[in-house]
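For reference, the structure is listed below as structure tokens.
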Amino acid sequence: MRLPAIKPLKSYFFSQEKCPIVLKTFFEDECAEAWLCFVNNQASRFHSIILKVESEKVCMVEVAQTLECFKLNLIARRNEPYIPIEVLKILKYLENEGQIDITKYKKKAISFYTTCIEYMDQWTPYYNEILILKWTLLETTPEWPEIQKSYEFILDKKSDIILNESELFDEMSCVKAFVSKERIDAWKIKETAVDQKWVEIFSHFDDKNISYNNVFKIIEFCICLPGSNAPVERVFSIMANIWTKEKSQLSIETLRSLLITRCNYEMNCLEFFEYIEKKTLLLKKIHSVEKYK
């Protein structure tokens with residue numbers, strides 16, 4: 001016997017004096033509980049993807065790959081079609097009771113996945129060309145053909161970047177020698193960020209006096225491409241909280257300094273105190289009148 005999980009919700013909305021027709025129609029449907037479970041399962045998946053796409057330190061190449069994998073996942077779910085176990089239990093109960101035809105429900109589930117895929121096709125095509133730079137994420141050992149395509153792509157998009165293809169090949173040979181399967185596996189276990197992977201590589205090259213000027217320009221280009229406008233929106237939210245009516249006399253420079261501090265120092269109060277305690281020059285500026293300008 002299935003649990004009447006939908007009854008509290010149905011009772012609440014039906015008790016309202018003016019329950020919206022669309023909700024009344026929905027809750028009168030025998031499959032309402034199944035649809036709620038289905039949407040809850042899908043919503044959690046969408047939420048996890050949004051968190052990745054809108055995170056603070058994510059570049060466009062990472063976002064492009066995340067969206068590509070998500071789309072492939074949706075296609076796989078549509079082709080099966082994928083219906084969560086808890087939903088299937090409800091559907092089988094209703095079918096055994098002779099209240100529904102489970103085949104019709106599965107067709108609607110397929111339609112849901114198709115709509116999601118079409119939505120992504122409509123709103124994410126500009127990320128597709130960025131996938132040519134996917135090798136920079138270092139999830140596998142980069143190969144020269146994909147690097148050469150990236151070389152052409154960057155020169156086409158950013159004509160002021162000067163790259164030497166011959167030198168780039170030599171530099172990437174050194175990168176390939178450093179980025180072994182064991183190192184990639186270690187990065188995956190530690191969940192090392194993309195920028196930190198390249199910091200590790202460039203630090204090693206500095207120690208060994210290996211040139212990486214051309215590779216550096218490509219990586220700089222990739223990492224500087226923002227994944228979304230979410231971090232910028234967060235800065236505006238922080239600014240709105242700081243620049244209130246009571247603090248309307250703050251100068252632009254002071255506001256800028258406050259924003260830089262808030263957005264770039266991931267420390268609690270004690271950590272920040274211990275940090276500035278050792279900064280003699282900074283302490284002098286704090287005690288000066290300069291901060292009031």
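How things are named: the first chain in the structure tokens is A, the next is B, and so on; residues count from 1 in each chain; ligands count from 1 in the order shown.
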Compile a residue-level contact table for range 53-91 of chain A against range 231-253 of chain A at a cut-off of 10 Å, reporting for every qualifying residue the shortest atom pair and its distance in Å to one decimal, with only C-alpha atoms counted, rows ordered by chain and ascending number, as a tab-separated table.
residue	atom	partner	partner_atom	distance
A:Glu54	CA	A:Pro231	CA	7.2
A:Ser55	CA	A:Pro231	CA	7.4
A:Glu56	CA	A:Pro231	CA	5.8
A:Lys57	CA	A:Pro231	CA	8.6
A:Val58	CA	A:Pro231	CA	9.7
From the DSSP assignment of the backbone, select every residue of range 4-248 of chain A that is alpha helix (DSSP H), and format the answer as a PyMOL selection string.
-> chain A and resi 7-15+21-28+32-53+60-79+85-96+102-123+125-128+144-157+165-178+181-190+194-207+213-223+230-242
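Considering the residues A:Glu191, A:Asp185, A:Asp207, A:Glu30 and counting only C-alpha atoms, Ile102 in chain A has its shortest atom-to-atom contact with A:Glu30.
Distance check against Leu133 in chain A using only C-alpha atoms: of A:Phe26, A:Phe46, A:Tyr275, A:Phe221, the minimum falls on A:Phe221.
Proximity to Phe38 in chain A was assessed for A:Glu86, A:Glu80, A:Asp206, A:Asp156 counting only C-alpha atoms; the smallest distance is recorded for A:Glu86.
The residue set within 12 Å of Glu200 in chain A, counting only C-alpha atoms and dropping same-chain residues fewer than 4 places from it, reads Val175, Phe178, Val179, Arg183, Trp187, Thr192, Ala193, Val194, Asp195, Gln196, His204, Phe205, Asp206 and Asp207 of chain A.
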All residues 10 Å or closer to Leu163 in chain A, only C-alpha atoms, same chain fewer than 6 positions away omitted, as a PyMOL selection string = chain A and resi 151-152+154-155+213-215+217-218
Keeping only C-alpha atoms, write those residues as an mmCIF file, in the first residue's frame.
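Once everything was written out, this is selection-v1.cif:
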data_model
loop_
_atom_site.group_PDB
_atom_site.id
_atom_site.type_symbol
_atom_site.label_atom_id
_atom_site.label_comp_id
_atom_site.auth_asym_id
_atom_site.auth_seq_id
_atom_site.Cartn_x
_atom_site.Cartn_y
_atom_site.Cartn_z
ATOM 1 C CA TYR A 151 45.343 27.645 -31.190
ATOM 2 C CA GLU A 152 43.326 28.529 -34.305
ATOM 3 C CA ILE A 154 41.962 31.699 -29.900
ATOM 4 C CA LEU A 155 43.727 33.548 -32.696
ATOM 5 C CA ASN A 213 54.871 31.491 -22.426
ATOM 6 C CA ASN A 214 52.470 30.310 -25.164
ATOM 7 C CA VAL A 215 50.664 27.778 -22.991
ATOM 8 C CA LYS A 217 48.507 32.786 -22.716
ATOM 9 C CA ILE A 218 46.019 30.075 -23.703
#
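The space between CA of Glu220 in chain A and CA of Val61 in chain A spans 12.1 Å.
Minimum distance to Ala76 in chain A across A:Asn264, A:Ser159, A:Thr136, A:Thr114 (counting only C-alpha atoms) occurs at A:Thr114.
Shortest atom-to-atom contact with Ser180 in chain A among A:Phe14, A:Pro20, A:Glu139, A:Ile219: A:Glu139, counting only C-alpha atoms.
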Might you pull out every residue within 12 Å of Val39 in chain A, with only C-alpha atoms counted and same-chain residues fewer than 3 positions away left off, and present them as a PyMOL selection string?
-> chain A and resi 32-36+42-47+83-84+86-87+109+112-113
